[in-house]
Structures are given as structure tokens and as C-alpha cells.
file input_0.pdb (PDB, C-alpha atoms)
ATOM      1  CA  MET F 163       8.397  27.865 -18.881
ATOM      2  CA  PRO F 164       6.816  27.833 -15.416
ATOM      3  CA  ILE F 165       3.046  27.860 -15.093
ATOM      4  CA  PRO F 166       1.826  31.474 -14.687
ATOM      5  CA  THR F 167       0.682  32.441 -11.199
ATOM      6  CA  PHE F 168      -3.091  32.754 -10.768
ATOM      7  CA  THR F 169      -4.308  36.168  -9.635
ATOM      8  CA  ALA F 170      -7.797  36.198  -8.143
ATOM      9  CA  GLY F 171     -10.358  38.958  -8.783
ATOM     10  CA  TYR F 172      -9.602  39.683 -12.456
ATOM     11  CA  PRO F 173     -10.886  41.576 -14.261
ATOM     12  CA  PRO F 174     -11.686  43.970 -11.400
ATOM     13  CA  ASP F 175     -14.727  46.207 -11.713
ATOM     14  CA  GLY F 176     -14.085  49.404 -13.693
ATOM     15  CA  SER F 177     -10.954  48.088 -15.437
ATOM     16  CA  SER F 178     -10.526  48.003 -19.189
ATOM     17  CA  LEU F 179      -9.421  44.943 -21.143
ATOM     18  CA  GLY F 180      -6.209  46.696 -22.065
ATOM     19  CA  GLN F 181      -5.372  47.194 -18.403
ATOM     20  CA  THR F 182      -6.055  43.585 -17.388
ATOM     21  CA  LYS F 183      -5.535  41.365 -20.433
ATOM     22  CA  SER F 184      -2.060  40.215 -19.369
ATOM     23  CA  THR F 185      -3.328  38.995 -15.990
ATOM     24  CA  ILE F 186      -6.441  37.417 -17.531
ATOM     25  CA  ARG F 187      -4.286  35.640 -20.118
ATOM     26  CA  ASN F 188      -1.987  34.293 -17.391
ATOM     27  CA  ASN F 189      -4.992  33.070 -15.395
ATOM     28  CA  ILE F 190      -6.502  31.241 -18.381
ATOM     29  CA  ASP F 191      -3.223  29.843 -19.692
ATOM     30  CA  GLY F 192      -2.084  28.849 -16.208
ATOM     31  CA  THR F 193      -5.341  27.006 -15.467
ATOM     32  CA  PHE F 194      -5.125  25.185 -18.814
ATOM     33  CA  GLN F 195      -1.496  24.181 -18.189
ATOM     34  CA  THR F 196      -2.215  23.081 -14.619
ATOM     35  CA  VAL F 197      -5.082  20.780 -15.619
ATOM     36  CA  ALA F 198      -3.016  19.373 -18.518
ATOM     37  CA  ILE F 199      -0.316  18.068 -16.148
ATOM     38  CA  ASP F 200      -2.401  14.980 -15.263
ATOM     39  CA  HIS F 201      -5.177  15.199 -17.857
ATOM     40  CA  VAL F 202      -5.732  15.137 -21.591
ATOM     41  CA  ASP F 203      -6.157  18.824 -22.416
ATOM     42  CA  ASN F 204      -9.107  20.620 -24.044
ATOM     43  CA  ASN F 205      -7.698  19.908 -27.511
ATOM     44  CA  GLY F 206      -7.361  16.165 -26.927
ATOM     45  CA  GLN F 207      -3.609  16.337 -26.501
ATOM     46  CA  PRO F 208      -1.408  14.343 -26.201
ATOM     47  CA  GLY F 209      -2.441  12.505 -29.346
ATOM     48  CA  SER F 210      -6.154  12.352 -30.051
ATOM     49  CA  GLN F 211      -7.759  11.469 -26.724
ATOM     50  CA  PRO F 212     -11.009  12.322 -24.881
ATOM     51  CA  ALA F 213     -10.540  15.778 -23.327
ATOM     52  CA  GLY F 214     -10.395  15.756 -19.541
ATOM     53  CA  TYR F 215      -9.474  12.072 -19.146
ATOM     54  CA  HIS F 216      -6.599  11.230 -16.802
ATOM     55  CA  LYS F 217      -3.307  10.303 -18.406
ATOM     56  CA  ILE F 218      -1.482   9.863 -15.081
ATOM     57  CA  ILE F 219      -2.132  10.723 -11.432
ATOM     58  CA  HIS F 220       0.459  12.535  -9.358
ATOM     59  CA  GLU F 221      -0.191  12.637  -5.612
ATOM     60  CA  VAL F 222       1.489  14.852  -3.058
ATOM     61  CA  SER F 223       2.494  12.699  -0.082
ATOM     62  CA  GLN F 224       0.236  13.367   2.899
ATOM     63  CA  THR F 225       1.308  13.530   6.540
ATOM     64  CA  SER F 226      -2.129  13.718   8.202
ATOM     65  CA  VAL F 227      -5.542  12.615   6.896
ATOM     66  CA  ALA F 228      -8.966  12.522   8.558
ATOM     67  CA  THR F 229     -12.193  10.757   7.627
ATOM     68  CA  VAL F 230     -14.714  12.642   5.510
ATOM     69  CA  ALA F 231     -18.113  11.098   6.219
ATOM     70  CA  ASN F 232     -19.708   9.269   3.251
ATOM     71  CA  TYR F 233     -16.695   9.827   0.971
ATOM     72  CA  ASN F 234     -13.803   7.514   0.104
ATOM     73  CA  GLN F 235     -10.298   8.986  -0.094
ATOM     74  CA  ILE F 236      -7.315   7.554  -2.003
ATOM     75  CA  PHE F 237      -3.984   9.122  -1.071
ATOM     76  CA  SER F 238      -0.278   8.417  -0.606
ATOM     77  CA  GLY F 239       1.914   8.712   2.456
ATOM     78  CA  VAL F 240       4.980   7.260   4.144
ATOM     79  CA  PRO F 241       4.231   4.283   6.466
ATOM     80  CA  GLY F 242       5.203   5.119  10.025
ATOM     81  CA  THR F 243       5.004   8.849   9.303
ATOM     82  CA  LEU F 244       1.486   9.186   7.913
ATOM     83  CA  ILE F 245      -1.122   9.902  10.603
ATOM     84  CA  VAL F 246      -4.731   8.906   9.911
ATOM     85  CA  ASN F 247      -7.450  10.033  12.317
ATOM     86  CA  GLY F 248      -4.797  10.784  14.921
ATOM     87  CA  VAL F 249      -3.117   7.349  14.710
ATOM     88  CA  THR F 250       0.321   6.786  13.149
ATOM     89  CA  THR F 251       0.290   4.111  10.456
ATOM     90  CA  PRO F 252       2.438   0.943  10.850
ATOM     91  CA  THR F 253       5.918   1.160   9.324
ATOM     92  CA  ILE F 254       5.311  -1.498   6.637
ATOM     93  CA  PRO F 255       7.532  -1.303   4.690
ATOM     94  CA  THR F 256      10.413   0.599   6.241
ATOM     95  CA  GLY F 257      12.590   2.901   4.217
ATOM     96  CA  GLY F 258      10.539   6.078   3.853
ATOM     97  CA  ASP F 259       8.996   5.306   0.439
ATOM     98  CA  THR F 260       5.439   6.463  -0.281
ATOM     99  CA  GLN F 261       2.580   3.948  -0.454
ATOM    100  CA  LEU F 262      -1.092   4.113  -1.460
ATOM    101  CA  TYR F 263      -3.931   4.106   1.072
ATOM    102  CA  SER F 264      -7.727   4.042   1.040
ATOM    103  CA  LEU F 265      -9.873   5.622   3.764
ATOM    104  CA  THR F 266     -13.612   4.975   3.626
ATOM    105  CA  GLY F 267     -16.345   7.372   4.659
ATOM    106  CA  ALA F 268     -16.814   5.237   7.779
ATOM    107  CA  GLY F 269     -13.149   5.598   8.761
ATOM    108  CA  VAL F 270     -11.828   2.194   7.638
ATOM    109  CA  LEU F 271      -8.189   2.517   6.561
ATOM    110  CA  SER F 272      -6.561   0.068   4.135
ATOM    111  CA  GLN F 273      -2.945   0.114   3.015
ATOM    112  CA  LEU F 274      -2.977  -0.819  -0.676
ATOM    113  CA  THR F 275       0.706  -1.140  -1.579
ATOM    114  CA  GLY F 276       4.063  -2.097  -0.090
ATOM    115  CA  SER F 277       5.934  -5.385  -0.346
ATOM    116  CA  SER F 278       9.140  -7.333   0.220
ATOM    117  CA  LYS F 279       9.739  -9.696  -2.706
ATOM    118  CA  THR F 280      12.047 -12.089  -0.877
ATOM    119  CA  THR F 281      12.018 -15.762   0.172
ATOM    120  CA  ASN F 282      10.560 -14.718   3.508
ATOM    121  CA  GLY F 283       8.452 -11.784   2.399
ATOM    122  CA  TYR F 284       5.122 -10.010   2.417
ATOM    123  CA  ALA F 285       2.779  -7.882   0.312
ATOM    124  CA  TRP F 286      -0.192  -5.626   0.960
ATOM    125  CA  VAL F 287      -3.043  -6.610  -1.383
ATOM    126  CA  GLY F 288      -6.267  -4.621  -1.156
ATOM    127  CA  GLY F 289      -5.810  -3.913   2.541
ATOM    128  CA  ILE F 290      -4.911  -7.542   3.367
ATOM    129  CA  LEU F 291      -1.338  -8.374   4.419
ATOM    130  CA  LEU F 292       0.021 -11.624   2.914
ATOM    131  CA  GLN F 293       3.232 -13.147   4.342
ATOM    132  CA  TRP F 294       5.220 -16.256   3.458
ATOM    133  CA  GLY F 295       8.410 -18.089   4.362
ATOM    134  CA  PHE F 296       9.973 -21.386   5.478
ATOM    135  CA  ASP F 297      11.721 -22.988   8.441
ATOM    136  CA  SER F 298      14.050 -26.024   8.296
ATOM    137  CA  PHE F 299      14.149 -28.568  11.132
ATOM    138  CA  THR F 300      15.056 -32.185  11.957
ATOM    139  CA  GLY F 301      12.707 -34.745  13.489
ATOM    140  CA  SER F 302       9.804 -33.868  15.748
ATOM    141  CA  GLN F 303      10.009 -30.241  16.723
ATOM    142  CA  ASN F 304       7.950 -27.149  17.356
ATOM    143  CA  PRO F 305       8.912 -24.806  14.497
ATOM    144  CA  ALA F 306       8.254 -21.234  15.587
ATOM    145  CA  PRO F 307       8.952 -18.902  12.659
ATOM    146  CA  SER F 308       8.639 -15.155  13.060
ATOM    147  CA  PHE F 309       6.751 -13.232  10.422
ATOM    148  CA  PRO F 310       8.844 -10.848   8.285
ATOM    149  CA  VAL F 311       6.761  -7.997   9.720
ATOM    150  CA  VAL F 312       4.286  -7.836  12.592
ATOM    151  CA  PHE F 313       0.639  -7.889  11.546
ATOM    152  CA  PRO F 314      -0.761  -4.509  12.693
ATOM    153  CA  ASN F 315      -4.040  -6.056  13.883
ATOM    154  CA  ALA F 316      -4.311  -9.850  13.579
ATOM    155  CA  CYS F 317      -3.150 -12.989  11.781
ATOM    156  CA  LEU F 318      -6.313 -14.580  10.391
ATOM    157  CA  ASN F 319      -5.077 -17.821   8.839
ATOM    158  CA  ILE F 320      -1.926 -19.955   8.345
ATOM    159  CA  GLN F 321      -1.362 -22.613   5.683
ATOM    160  CA  LEU F 322       1.482 -25.121   6.137
ATOM    161  CA  THR F 323       3.295 -27.460   3.735
ATOM    162  CA  ILE F 324       6.125 -29.790   4.804
ATOM    163  CA  LEU F 325       8.914 -31.006   2.528
ATOM    164  CA  ASN F 326      10.640 -34.133   3.914
ATOM    165  CA  THR F 327      14.025 -34.949   2.368
ATOM    166  CA  ASN F 328      14.833 -38.017   4.506
ATOM    167  CA  THR F 329      16.079 -40.845   2.239
ATOM    168  CA  THR F 330      16.677 -43.608   4.812
ATOM    169  CA  VAL F 331      13.443 -43.464   6.789
ATOM    170  CA  PRO F 332      10.041 -43.413   5.085
ATOM    171  CA  ALA F 333       8.897 -39.819   4.865
ATOM    172  CA  ALA F 334       6.208 -39.217   7.453
ATOM    173  CA  TRP F 335       4.924 -36.150   9.168
ATOM    174  CA  ARG F 336       1.860 -34.791  10.847
ATOM    175  CA  LEU F 337       0.773 -31.784  12.849
ATOM    176  CA  THR F 338      -0.056 -32.799  16.394
ATOM    177  CA  THR F 339      -1.648 -29.496  17.394
ATOM    178  CA  GLN F 340      -3.283 -26.610  15.608
ATOM    179  CA  PRO F 341      -0.779 -23.830  14.811
ATOM    180  CA  SER F 342      -0.807 -21.131  17.483
ATOM    181  CA  ALA F 343      -0.412 -17.725  15.872
ATOM    182  CA  SER F 344       0.172 -14.233  17.187
ATOM    183  CA  THR F 345       0.706 -11.043  15.226
ATOM    184  CA  SER F 346       4.479 -11.648  15.205
ATOM    185  CA  GLY F 347       4.756 -15.379  14.418
ATOM    186  CA  PHE F 348       3.402 -18.852  15.115
ATOM    187  CA  THR F 349       4.259 -22.185  16.732
ATOM    188  CA  SER F 350       3.338 -25.567  15.253
ATOM    189  CA  ASN F 351       4.058 -28.985  16.801
ATOM    190  CA  VAL F 352       5.292 -31.183  13.933
ATOM    191  CA  GLN F 353       6.132 -34.887  14.076
ATOM    192  CA  ALA F 354       8.394 -35.779  11.172
ATOM    193  CA  SER F 355      11.208 -38.154  10.278
ATOM    194  CA  GLY F 356      14.583 -36.843   9.140
ATOM    195  CA  ASN F 357      15.287 -33.442   7.715
ATOM    196  CA  SER F 358      12.230 -31.377   6.853
ATOM    197  CA  THR F 359      11.299 -27.911   5.729
ATOM    198  CA  LEU F 360       8.116 -26.230   6.843
ATOM    199  CA  PHE F 361       6.753 -23.800   4.246
ATOM    200  CA  TRP F 362       4.119 -21.411   5.561
ATOM    201  CA  PHE F 363       1.705 -18.796   4.226
ATOM    202  CA  ALA F 364      -0.120 -16.349   6.517
ATOM    203  CA  ILE F 365      -3.006 -13.962   5.936
ATOM    204  CA  GLY F 366      -3.877 -11.019   8.162
ATOM    205  CA  TYR F 367      -4.254  -7.270   8.311
TER     206      TYR F 367
END
call {"tool": "encode", "arguments": {"input": "input_0.pdb", "output": "C-alpha cells"}}
result
Amino acid sequence: MPIPTFTAGYPPDGSSLGQTKSTIRNNIDGTFQTVAIDHVDNNGQPGSQPAGYHKIIHEVSQTSVATVANYNQIFSGVPGTLIVNGVTTPTIPTGGDTQLYSLTGAGVLSQLTGSSKTTNGYAWVGGILLQWGFDSFTGSQNPAPSFPVVFPNACLNIQLTILNTNTTVPAAWRLTTQPSASTSGFTSNVQASGNSTLFWFAIGY
């Protein structure tokens, strides 16, 4: 059965219980049923649990959220559609699926979820965007991989590992310059012998 509709102002002044009991009952039952959707109810159901505790949290996807001073907000929305403080959020990931966000009382927004679990992939972890991948090359080159997604603000750090599969020339490699990173990718001057694979890991936000 659907949850009864709440009717405000009951019982009205001058009304008898007989005249209003149906509406009062619907108000009480409806409030109880509404709270019980995401909480253990007053009777400790389901099972024998502490009344009022959460059993699950359902969130209605938001389209626009603004900072509330001194209060943190946790909410869900669709990346690229959700607007926070007048700014549209980056579309990471694409596809229109809802993700979790945190907005502090000082207006700092962090995307908490969203990932691509692939060989060249990424994941939001606590507001930090982690990305990884590899690039194959031969000899001394300047590998310039693109990140799976563009960092919305900055790439903070890159870690590189080179696998050299050359069997005729002694494996040797070195980085001749510090990797140069942008929000969309990086370039690294590598001196190596034979066939090599550059594995990379980037951190940003």
C-alpha cells in the first residue's frame, strides 16, 4: 500500500476525535512508514535493532547545490549535469550515472566516487583523482601518454616504471628530463635500449 498523504493542521480547533481520527491516523502511520524506509523503526524492525539507526541511505539525485556555511553536505548527482555554486561539475565519468559528492561549509567540493576499471583507467578516491596506464616504445623516445580523463584542476605527481624486454642488448634506461605534465597528459624523455613499456601512475584533482 502507498504511504498515506500527510495533511497539515490536524486536529483542527473545535473538531472532535470522531471527525478527525482518520486523518490523524494517516498522518501518524504515514510518518512512521516514511521514516522506516531508510531507518530501523520504533519497534526495532527489521530484526532486533536500535530504533532510529540507518539501515540504508537513499538519495534523490541533485541538479543544483549551494554551500551552507559551517555545514558539510553529502549528496549525489550526475557529473556534467550537477551544478555546485553556479559551476557545472566535470563529466567524470561519462554516461549519466549518479556519483557521491561532499561540499564543505567553506565551499570545497570533492567528488567521492566514479571510476574506470580498465588497463588505462582512473578512480576518484576521497576527492583525489588517481589515473594509471602504459605506453610502449622502442629505443630513446619521448613517450607522451594522454590521461584517460582530463584532471579538472591539476596533475600533482607522476610515478614512472619502465619494463625493458630487449634480449640482445643489455637492458638500460634512464629519464633524461623531469616529466612535464599538464591536466591532459605528460611528456617524458626516456633513453632506453630495445623495446620498452612505460607504466605510469598520476595523482591530481
call {"tool": "residues_around", "arguments": {"input": "input_0.pdb", "residues": "F:Gly269", "least_positions_apart": "2", "cutoff": "9 Å", "atoms": "all atoms listed in the file", "output": "mmCIF file with C-alpha atoms, keeping the file's coordinate frame"}}
result
data_model
loop_
_atom_site.group_PDB
_atom_site.id
_atom_site.type_symbol
_atom_site.label_atom_id
_atom_site.label_comp_id
_atom_site.auth_asym_id
_atom_site.auth_seq_id
_atom_site.Cartn_x
_atom_site.Cartn_y
_atom_site.Cartn_z
ATOM 1 C CA ALA F 228 -8.966 12.522 8.558
ATOM 2 C CA THR F 229 -12.193 10.757 7.627
ATOM 3 C CA VAL F 230 -14.714 12.642 5.510
ATOM 4 C CA ALA F 231 -18.113 11.098 6.219
ATOM 5 C CA ASN F 234 -13.803 7.514 0.104
ATOM 6 C CA ASN F 247 -7.450 10.033 12.317
ATOM 7 C CA LEU F 265 -9.873 5.622 3.764
ATOM 8 C CA THR F 266 -13.612 4.975 3.626
ATOM 9 C CA GLY F 267 -16.345 7.372 4.659
ATOM 10 C CA LEU F 271 -8.189 2.517 6.561
#
call {"tool": "closest_residue", "arguments": {"input": "input_0.pdb", "among": "F:Val202, F:Ala343, F:Ile236, F:Ala285", "to": "F:Leu262", "atoms": "all atoms listed in the file"}}
result
F:Ile236
call {"tool": "axis_aligned_box", "arguments": {"input": "input_0.pdb", "around": "stretch 274-279 of chain F", "padding_each_side": "3 Å", "output": "AutoDock Vina command-line options"}}
result
--center_x 3.4 --center_y -5.3 --center_z -1.2 --size_x 18.7 --size_y 14.9 --size_z 8.9
call {"tool": "residues_around", "arguments": {"input": "input_0.pdb", "residues": "F:Phe309", "least_positions_apart": "2", "cutoff": "6 Å", "atoms": "only C-alpha atoms", "output": "ChimeraX atom specification"}}
result
/F:311,346-347
call {"tool": "write_last_selection", "arguments": {"input": "input_0.pdb", "atoms": "C-alpha atoms", "output": "PDB file, in the frame of the given file"}}
result
ATOM      1  CA  VAL F 311       6.761  -7.997   9.720  1.00  0.00           C
ATOM      2  CA  SER F 346       4.479 -11.648  15.205  1.00  0.00           C
ATOM      3  CA  GLY F 347       4.756 -15.379  14.418  1.00  0.00           C
TER       4      GLY F 347
END
call {"tool": "resolve_selection", "arguments": {"input": "input_0.pdb", "expression": "the PyMOL selection byres ((chain F and resi 315) around 9)", "output": "list in words"}}
result
Val312, Phe313, Pro314, Ala316, Cys317, Thr345, Gly366 and Tyr367 of chain F
call {"tool": "resolve_selection", "arguments": {"input": "input_0.pdb", "expression": "the PyMOL selection byres ((chain F and resi 200) around 6)", "output": "list in words"}}
result
Ala198, Ile199, His201, His216, Lys217, Ile218 and Ile219 of chain F
call {"tool": "resolve_selection", "arguments": {"input": "input_0.pdb", "expression": "the PyMOL selection byres ((chain F and resi 275) around 7)", "output": "ChimeraX atom specification"}}
result
/F:261-262,273-274,276-277,286-287
call {"tool": "atom_distance", "arguments": {"input": "input_0.pdb", "atom1": "atom CA of F:Thr243", "atom2": "atom CA of F:Gly288"}}
result
20.4 Å
call {"tool": "residues_around", "arguments": {"input": "input_0.pdb", "residues": "F:Trp294", "least_positions_apart": "2", "cutoff": "12 Å", "atoms": "all atoms listed in the file", "output": "PyMOL selection string"}}
result
chain F and resi 277-285+291-292+296-297+307-311+319-323+347+360-366
call {"tool": "write_last_selection", "arguments": {"input": "input_0.pdb", "atoms": "C-alpha atoms", "output": "PDB file, keeping the file's coordinate frame"}}
result
ATOM      1  CA  SER F 277       5.934  -5.385  -0.346  1.00  0.00           C
ATOM      2  CA  SER F 278       9.140  -7.333   0.220  1.00  0.00           C
ATOM      3  CA  LYS F 279       9.739  -9.696  -2.706  1.00  0.00           C
ATOM      4  CA  THR F 280      12.047 -12.089  -0.877  1.00  0.00           C
ATOM      5  CA  THR F 281      12.018 -15.762   0.172  1.00  0.00           C
ATOM      6  CA  ASN F 282      10.560 -14.718   3.508  1.00  0.00           C
ATOM      7  CA  GLY F 283       8.452 -11.784   2.399  1.00  0.00           C
ATOM      8  CA  TYR F 284       5.122 -10.010   2.417  1.00  0.00           C
ATOM      9  CA  ALA F 285       2.779  -7.882   0.312  1.00  0.00           C
ATOM     10  CA  LEU F 291      -1.338  -8.374   4.419  1.00  0.00           C
ATOM     11  CA  LEU F 292       0.021 -11.624   2.914  1.00  0.00           C
ATOM     12  CA  PHE F 296       9.973 -21.386   5.478  1.00  0.00           C
ATOM     13  CA  ASP F 297      11.721 -22.988   8.441  1.00  0.00           C
ATOM     14  CA  PRO F 307       8.952 -18.902  12.659  1.00  0.00           C
ATOM     15  CA  SER F 308       8.639 -15.155  13.060  1.00  0.00           C
ATOM     16  CA  PHE F 309       6.751 -13.232  10.422  1.00  0.00           C
ATOM     17  CA  PRO F 310       8.844 -10.848   8.285  1.00  0.00           C
ATOM     18  CA  VAL F 311       6.761  -7.997   9.720  1.00  0.00           C
ATOM     19  CA  ASN F 319      -5.077 -17.821   8.839  1.00  0.00           C
ATOM     20  CA  ILE F 320      -1.926 -19.955   8.345  1.00  0.00           C
ATOM     21  CA  GLN F 321      -1.362 -22.613   5.683  1.00  0.00           C
ATOM     22  CA  LEU F 322       1.482 -25.121   6.137  1.00  0.00           C
ATOM     23  CA  THR F 323       3.295 -27.460   3.735  1.00  0.00           C
ATOM     24  CA  GLY F 347       4.756 -15.379  14.418  1.00  0.00           C
ATOM     25  CA  LEU F 360       8.116 -26.230   6.843  1.00  0.00           C
ATOM     26  CA  PHE F 361       6.753 -23.800   4.246  1.00  0.00           C
ATOM     27  CA  TRP F 362       4.119 -21.411   5.561  1.00  0.00           C
ATOM     28  CA  PHE F 363       1.705 -18.796   4.226  1.00  0.00           C
ATOM     29  CA  ALA F 364      -0.120 -16.349   6.517  1.00  0.00           C
ATOM     30  CA  ILE F 365      -3.006 -13.962   5.936  1.00  0.00           C
ATOM     31  CA  GLY F 366      -3.877 -11.019   8.162  1.00  0.00           C
TER      32      GLY F 366
END
call {"tool": "closest_residue", "arguments": {"input": "input_0.pdb", "among": "F:Ser264, F:Thr253, F:Ser272, F:Gln195", "to": "F:Gly289", "atoms": "only C-alpha atoms"}}
result
F:Ser272
call {"tool": "atom_distance", "arguments": {"input": "input_0.pdb", "atom1": "atom CA of F:Gly209", "atom2": "atom CA of F:Pro164"}}
result
22.7 Å
call {"tool": "atom_distance", "arguments": {"input": "input_0.pdb", "atom1": "atom CA of F:Thr260", "atom2": "atom CA of F:Val227"}}
result
14.5 Å
call {"tool": "residues_near_point", "arguments": {"input": "input_0.pdb", "point": "(-2.9, 14.1, -4.3)", "cutoff": "10 Å", "atoms": "all atoms listed in the file", "output": "list in words"}}
result
Ile219, His220, Glu221, Val222, Ser223, Gln224, Gln235, Ile236, Phe237, Ser238 and Gly239 of chain F
call {"tool": "closest_residue", "arguments": {"input": "input_0.pdb", "among": "F:Phe168, F:Thr225, F:Asn204, F:Val249", "to": "F:Asn189", "atoms": "all atoms listed in the file"}}
result
F:Phe168
call {"tool": "closest_residue", "arguments": {"input": "input_0.pdb", "among": "F:Tyr233, F:Val197, F:Tyr172, F:Leu318", "to": "F:Thr185", "atoms": "only C-alpha atoms"}}
result
F:Tyr172
call {"tool": "closest_residue", "arguments": {"input": "input_0.pdb", "among": "F:Ile245, F:Asn351, F:Gly258, F:Asp191", "to": "F:Met163", "atoms": "only C-alpha atoms"}}
result
F:Asp191
call {"tool": "build_atoms", "arguments": {"input": "input_0.pdb", "residues": "stretch 192-213 of chain F", "atoms": "N, CA and C atoms", "output": "PDB file, in the coordinates of the input"}}
result
ATOM      1  N   GLY F 192      -2.578  29.600 -17.362  1.00  0.00           N
ATOM      2  CA  GLY F 192      -2.084  28.849 -16.208  1.00  0.00           C
ATOM      3  C   GLY F 192      -3.039  27.747 -15.786  1.00  0.00           C
ATOM      4  N   THR F 193      -4.348  28.029 -15.811  1.00  0.00           N
ATOM      5  CA  THR F 193      -5.341  27.006 -15.467  1.00  0.00           C
ATOM      6  C   THR F 193      -5.295  25.862 -16.474  1.00  0.00           C
ATOM      7  N   PHE F 194      -5.209  26.197 -17.760  1.00  0.00           N
ATOM      8  CA  PHE F 194      -5.125  25.185 -18.814  1.00  0.00           C
ATOM      9  C   PHE F 194      -3.891  24.309 -18.621  1.00  0.00           C
ATOM     10  N   GLN F 195      -2.738  24.932 -18.347  1.00  0.00           N
ATOM     11  CA  GLN F 195      -1.496  24.181 -18.189  1.00  0.00           C
ATOM     12  C   GLN F 195      -1.504  23.325 -16.916  1.00  0.00           C
ATOM     13  N   THR F 196      -2.138  23.838 -15.866  1.00  0.00           N
ATOM     14  CA  THR F 196      -2.215  23.081 -14.619  1.00  0.00           C
ATOM     15  C   THR F 196      -3.045  21.818 -14.800  1.00  0.00           C
ATOM     16  N   VAL F 197      -4.214  21.940 -15.401  1.00  0.00           N
ATOM     17  CA  VAL F 197      -5.082  20.780 -15.619  1.00  0.00           C
ATOM     18  C   VAL F 197      -4.404  19.770 -16.541  1.00  0.00           C
ATOM     19  N   ALA F 198      -3.637  20.254 -17.529  1.00  0.00           N
ATOM     20  CA  ALA F 198      -3.016  19.373 -18.518  1.00  0.00           C
ATOM     21  C   ALA F 198      -1.880  18.533 -17.946  1.00  0.00           C
ATOM     22  N   ILE F 199      -1.405  18.856 -16.730  1.00  0.00           N
ATOM     23  CA  ILE F 199      -0.316  18.068 -16.148  1.00  0.00           C
ATOM     24  C   ILE F 199      -0.724  16.608 -16.005  1.00  0.00           C
ATOM     25  N   ASP F 200      -1.941  16.352 -15.494  1.00  0.00           N
ATOM     26  CA  ASP F 200      -2.401  14.980 -15.263  1.00  0.00           C
ATOM     27  C   ASP F 200      -3.557  14.569 -16.168  1.00  0.00           C
ATOM     28  N   HIS F 201      -4.005  15.487 -17.031  1.00  0.00           N
ATOM     29  CA  HIS F 201      -5.177  15.199 -17.857  1.00  0.00           C
ATOM     30  C   HIS F 201      -4.890  15.435 -19.336  1.00  0.00           C
ATOM     31  N   VAL F 202      -5.692  14.778 -20.181  1.00  0.00           N
ATOM     32  CA  VAL F 202      -5.732  15.137 -21.591  1.00  0.00           C
ATOM     33  C   VAL F 202      -6.331  16.541 -21.673  1.00  0.00           C
ATOM     34  N   ASP F 203      -5.705  17.433 -22.413  1.00  0.00           N
ATOM     35  CA  ASP F 203      -6.157  18.824 -22.416  1.00  0.00           C
ATOM     36  C   ASP F 203      -7.408  19.026 -23.274  1.00  0.00           C
ATOM     37  N   ASN F 204      -7.872  20.291 -23.327  1.00  0.00           N
ATOM     38  CA  ASN F 204      -9.107  20.620 -24.044  1.00  0.00           C
ATOM     39  C   ASN F 204      -9.059  20.242 -25.517  1.00  0.00           C
ATOM     40  N   ASN F 205      -7.862  20.199 -26.089  1.00  0.00           N
ATOM     41  CA  ASN F 205      -7.698  19.908 -27.511  1.00  0.00           C
ATOM     42  C   ASN F 205      -7.435  18.428 -27.786  1.00  0.00           C
ATOM     43  N   GLY F 206      -7.564  17.598 -26.731  1.00  0.00           N
ATOM     44  CA  GLY F 206      -7.361  16.165 -26.927  1.00  0.00           C
ATOM     45  C   GLY F 206      -5.906  15.758 -26.968  1.00  0.00           C
ATOM     46  N   GLN F 207      -5.036  16.636 -26.500  1.00  0.00           N
ATOM     47  CA  GLN F 207      -3.609  16.337 -26.501  1.00  0.00           C
ATOM     48  C   GLN F 207      -3.197  15.759 -25.148  1.00  0.00           C
ATOM     49  N   PRO F 208      -2.229  14.822 -25.072  1.00  0.00           N
ATOM     50  CA  PRO F 208      -1.408  14.343 -26.201  1.00  0.00           C
ATOM     51  C   PRO F 208      -2.176  13.375 -27.106  1.00  0.00           C
ATOM     52  N   GLY F 209      -1.792  13.379 -28.376  1.00  0.00           N
ATOM     53  CA  GLY F 209      -2.441  12.505 -29.346  1.00  0.00           C
ATOM     54  C   GLY F 209      -3.842  12.984 -29.661  1.00  0.00           C
ATOM     55  N   SER F 210      -4.743  12.049 -29.807  1.00  0.00           N
ATOM     56  CA  SER F 210      -6.154  12.352 -30.051  1.00  0.00           C
ATOM     57  C   SER F 210      -6.963  11.572 -29.040  1.00  0.00           C
ATOM     58  N   GLN F 211      -7.142  12.155 -27.857  1.00  0.00           N
ATOM     59  CA  GLN F 211      -7.759  11.469 -26.724  1.00  0.00           C
ATOM     60  C   GLN F 211      -8.972  12.252 -26.225  1.00  0.00           C
ATOM     61  N   PRO F 212      -9.854  11.597 -25.424  1.00  0.00           N
ATOM     62  CA  PRO F 212     -11.009  12.322 -24.881  1.00  0.00           C
ATOM     63  C   PRO F 212     -10.549  13.423 -23.915  1.00  0.00           C
ATOM     64  N   ALA F 213     -10.943  14.647 -24.171  1.00  0.00           N
ATOM     65  CA  ALA F 213     -10.540  15.778 -23.327  1.00  0.00           C
ATOM     66  C   ALA F 213     -10.977  15.553 -21.883  1.00  0.00           C
TER      67      ALA F 213
END
